[in-house]
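A quick write-up on the structure given underneath.
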Amino acid sequence: MAITALIADSKSVSRQELVGLLGRDRAIEVIGDSREGQETIEMARSLRPNVVLLDGGITSPDAVTVVENMQLASSETAVIVLIDGVNIDLVRRLMRAGARDCLVKPVGVDDLLNTIRSVHHQMQKQRAALDAGNADAQMASGQMIAVYSPQGGAGKSILAANLGVALAKAMGADQSKGRVALVDLNLQFGDIDLMLNLSPDNTIAGLAQKSSSGLDAELVEQYLTVHEESGLRVLVAPSTPQHAESITVYTVEQVLDILRGSYQFVIVDTPSQLQDTTLAALDASSMILLTATLDLLALHKTRIALDMLRQLYVPEKIQVVLNRANSDTGISIEEVEESLGVPVRLQIPSDGRTVVPSVNEGKPFVLSASQTPIARRVNDFALELLGRETSSKNGDQANKNVGFLKKLFG
Ligand SMILES: Nc1ncnc2c1ncn2[C@@H]1O[C@H](COP(=O)(O)OP(=O)(O)O)[C@@H](O)[C@H]1O
Ligand SMILES: [Mg+2]
């Protein structure tokens with residue numbers, strides 16, 4: 001594609017001369033010419049040329065002001081100024097204002113063409129670097145997923161632990177592209193370390209002590225415990241409930257922010273109480289997995305929580321997970337969806353034979369029993385989050401019994 005140029009010169013003779021000269025080069029297309037400063041700025045704003053060839057003697061306003069305004073008018077435009085004699089002071093002012101190059105008249109044709117080409121090339125390179133930087137920044141800012149439920153025993157921690165391990169395992173080969181962290185925000189009675197059979201040297205309580213003097217990624221990293229089998233990094237909850245008090249919402253906000261900056265996925269396991277630290281995690285997350293089980297009291301609480309979360313966040317952020325979805329409770333998935341008014345995003349089957357030994361031995365079932373339906377469901381969900389193909393179709397056979405929820409929710 002030709003380099004587009006705008007020519008700005010108050011003197012019509014030299015303007016015409018430049019237009020004719022550049023017009024003969026097929027790599028350059030003159031898309032306009034102007035005779036005054038303000039006219040030049042306005043034309044650049046509407047035409048967005050790659051290059052403005054600006055006469056240093058231009059007036060209303062002068063060349064330095066035109067160059068200064070060019071950044072705002074058309075940031076992708078490079079300005080080359082043609083000046084009448086070697087005037088270091090003027091050159092410095094022009095360059096400081098943002099001119100790309102200055103040439104002293106009379107300028108040889110080759111010199112002029114080479115300068116236009118090289119300035120344009122530089123601009124393209126800079127733009128590419130900027131785009132790549134933006135893409136990196138987007139990659140670097142990870143996705144935070146909070147697992148929440150107003151109900152104890154809904155399966156939050158089991159889901160958080162297994163999802164974290166599943167993601168870390170799935171990303172194993174390309175750890176360079178990002179990693180997975182899991183934060184146990186059950187500050188009083190965290191159990192992720194037991195579920196993953198970890199022997200942590202440090203917990204979030206230690207980080208809380210450091211937090212008043214400021215945390216950074218390197219320090220936070222030192223407080224994570226590695227789950228060797230998967231590569232998942234875990235920020236473990238305090239070992240005793242007394243420590244919970246020392247962990248402020250400020251610490252939690254800082255830690256989550258830092259982790260999101262250095263991990264591609266951050267999974268946060270939360271307690272059922274809506275304390276300020278839990279809310280901080282829900283705020284910081286881009287997805288909340290609202291976990292429910294198939295019983296009336298649980299669904300009642302889930303609906304209250306859903307109503308509250310909907311007032312705080314955009315609807316897409318809140319995704320309902322139905323755990324123990326095939327339990328024989330006489331409540332169907334359709335009824336759940338109807339009563340909650342949202343579709344169930346993920347159904348996890350009930351499977352005590354897999355889950356109980358997995359918890360007791362500290363071996364996440366997505367690794368230790370990866371062929372069971374429950375493990376496949378969580379592994380598939382992880383792949384879905386990664387935007388990859390899954391092995392099976394999501395969707396349990398719904399229980400057709402109806403009636404219970406209608407009584408409760410009308
Ligand atoms: N899909 C499931 N199948 C069988 N048992 C389950 C399932 N999900 C959870 N459980 C049982 O429920 C218990 C509580 O799960 P947990 O993840 O600790 O709940 P929460 O973190 O929401 O309090 C587990 O120890 C396990 O015995
Ligand atoms: Mg839990």
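Residue names in the structure tokens use chain letters A, B, ... in the order shown, residue numbers from 1 in each chain, and ligand numbers from 1 in the order shown.
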
Requested in this report: Could you tell me, counting only C-alpha atoms and all ligand atoms, which protein and nucleic acid residues lie no more than 9 Å from ligand 2, written as a ChimeraX atom specification?
Outcome: /A:152-158,160,184,186,189-192,269-272

Requested in this report: List every residue of segment 205-293 of chain A that DSSP, applied to the backbone of this structure, places in strand (DSSP E or B), and write the result as a PyMOL selection string.
Outcome: chain A and resi 225-227+232-235+265-269+287-293

Report task. Would you please extract all alpha helix (DSSP H) residues from segment 181-385 of chain A, as assigned by DSSP on the backbone, and give them as a ChimeraX atom specification? Result -> /A:192-195,204-210,217-222,249-262,276-284,296-312,333-340,352-361,365-368,373-385

Output file for the residues above (C-alpha atoms, as a compact mmCIF listing (two decimals), in the first residue's frame):
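Final output, saved to out-v7.txt:
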```
# COMPACT_ATOMS: atom_id res chain seq x y z
CA ILE A 192 -7.85 -26.90 50.35
CA ASP A 193 -4.46 -27.95 51.75
CA LEU A 194 -6.00 -31.20 53.00
CA MET A 195 -7.90 -31.81 49.77
CA ILE A 204 -2.09 -16.12 53.61
CA ALA A 205 -1.64 -15.16 57.30
CA GLY A 206 2.06 -14.61 56.68
CA LEU A 207 1.33 -12.38 53.72
CA ALA A 208 -1.08 -10.34 55.81
CA GLN A 209 1.78 -9.43 58.15
CA LYS A 210 3.81 -8.14 55.22
CA ALA A 217 4.44 -10.44 42.80
CA GLU A 218 7.76 -11.86 43.97
CA LEU A 219 6.77 -11.80 47.62
CA VAL A 220 3.32 -13.29 46.98
CA GLU A 221 4.97 -16.07 44.97
CA GLN A 222 7.02 -17.06 48.02
CA VAL A 249 -9.93 -6.89 53.00
CA TYR A 250 -7.04 -4.67 51.91
CA THR A 251 -4.64 -7.63 52.01
CA VAL A 252 -7.04 -9.79 50.05
CA GLU A 253 -7.55 -7.11 47.40
CA GLN A 254 -3.81 -6.63 46.99
CA VAL A 255 -3.09 -10.35 46.79
CA LEU A 256 -5.82 -11.04 44.24
CA ASP A 257 -4.76 -8.09 42.14
CA ILE A 258 -1.15 -9.26 42.08
CA LEU A 259 -2.08 -12.85 41.27
CA ARG A 260 -4.34 -11.76 38.45
CA GLY A 261 -1.39 -9.88 37.03
CA SER A 262 0.89 -12.92 36.94
CA ASP A 276 -15.94 -8.31 53.32
CA THR A 277 -13.06 -10.50 52.14
CA THR A 278 -15.51 -12.76 50.30
CA LEU A 279 -17.11 -9.74 48.65
CA ALA A 280 -13.67 -8.47 47.64
CA ALA A 281 -13.10 -11.76 45.81
CA LEU A 282 -16.51 -11.66 44.13
CA ASP A 283 -15.82 -8.08 43.02
CA ALA A 284 -12.41 -8.94 41.61
CA LEU A 296 -35.11 -27.05 48.65
CA LEU A 297 -33.28 -25.17 51.37
CA ALA A 298 -30.14 -24.98 49.27
CA LEU A 299 -32.06 -23.71 46.28
CA HIS A 300 -33.90 -21.19 48.41
CA LYS A 301 -30.60 -19.75 49.62
CA THR A 302 -29.19 -19.90 46.11
CA ARG A 303 -32.05 -17.82 44.80
CA ILE A 304 -31.55 -15.18 47.48
CA ALA A 305 -27.83 -15.09 46.71
CA LEU A 306 -28.53 -14.91 43.00
CA ASP A 307 -30.89 -11.96 43.47
CA MET A 308 -28.23 -10.16 45.47
CA LEU A 309 -25.42 -10.92 43.04
CA ARG A 310 -27.55 -9.76 40.14
CA GLN A 311 -27.89 -6.37 41.77
CA LEU A 312 -24.13 -6.11 42.04
CA ILE A 333 -32.91 -29.56 36.39
CA GLU A 334 -35.71 -27.83 34.49
CA GLU A 335 -37.38 -26.93 37.74
CA VAL A 336 -34.15 -25.54 39.11
CA GLU A 337 -33.62 -23.43 36.01
CA GLU A 338 -37.18 -22.24 36.05
CA SER A 339 -37.11 -21.27 39.70
CA LEU A 340 -33.75 -19.53 39.49
CA GLY A 352 -19.50 -40.39 46.82
CA ARG A 353 -17.37 -43.39 45.84
CA THR A 354 -15.05 -41.14 43.95
CA VAL A 355 -15.29 -37.92 45.98
CA VAL A 356 -14.95 -39.29 49.53
CA PRO A 357 -11.70 -41.26 49.01
CA SER A 358 -10.37 -38.38 46.90
CA VAL A 359 -10.88 -35.98 49.82
CA ASN A 360 -9.62 -38.46 52.41
CA GLU A 361 -6.43 -39.19 50.54
CA PHE A 365 -10.26 -36.88 41.41
CA VAL A 366 -9.53 -35.09 38.14
CA LEU A 367 -6.12 -36.78 38.39
CA SER A 368 -6.69 -39.88 40.50
CA PRO A 373 -18.00 -39.07 34.89
CA ILE A 374 -17.48 -36.47 37.67
CA ALA A 375 -13.81 -36.01 36.74
CA ARG A 376 -14.61 -35.83 33.04
CA ARG A 377 -17.19 -33.17 33.72
CA VAL A 378 -14.76 -30.94 35.61
CA ASN A 379 -11.92 -31.60 33.16
CA ASP A 380 -14.21 -30.70 30.26
CA PHE A 381 -15.24 -27.51 31.97
CA ALA A 382 -11.56 -26.60 32.37
CA LEU A 383 -11.00 -27.21 28.66
CA GLU A 384 -14.04 -25.09 27.88
CA LEU A 385 -12.56 -22.23 29.90
```

Query raised in the report: From the list A:Ala166, A:Val67, A:Ala161, A:Val86, which residue is nearest ligand 1 when using only C-alpha atoms and all ligand atoms?
Result: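 Using only C-alpha atoms and all ligand atoms, the shortest distance to ligand 1 belongs to A:Ala161.
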
Requested in this report: Give the answer as one residue: which of A:Ser213, A:Ser230, A:Asn162, A:Gln371 has the shortest atom-to-atom distance to ligand 1, using only C-alpha atoms and all ligand atoms?
Outcome: A:Asn162

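One distance worth recording is that between atom CA of Asn114 of chain A and atom CA of Ser46 of chain A, which is 25.9 Å.
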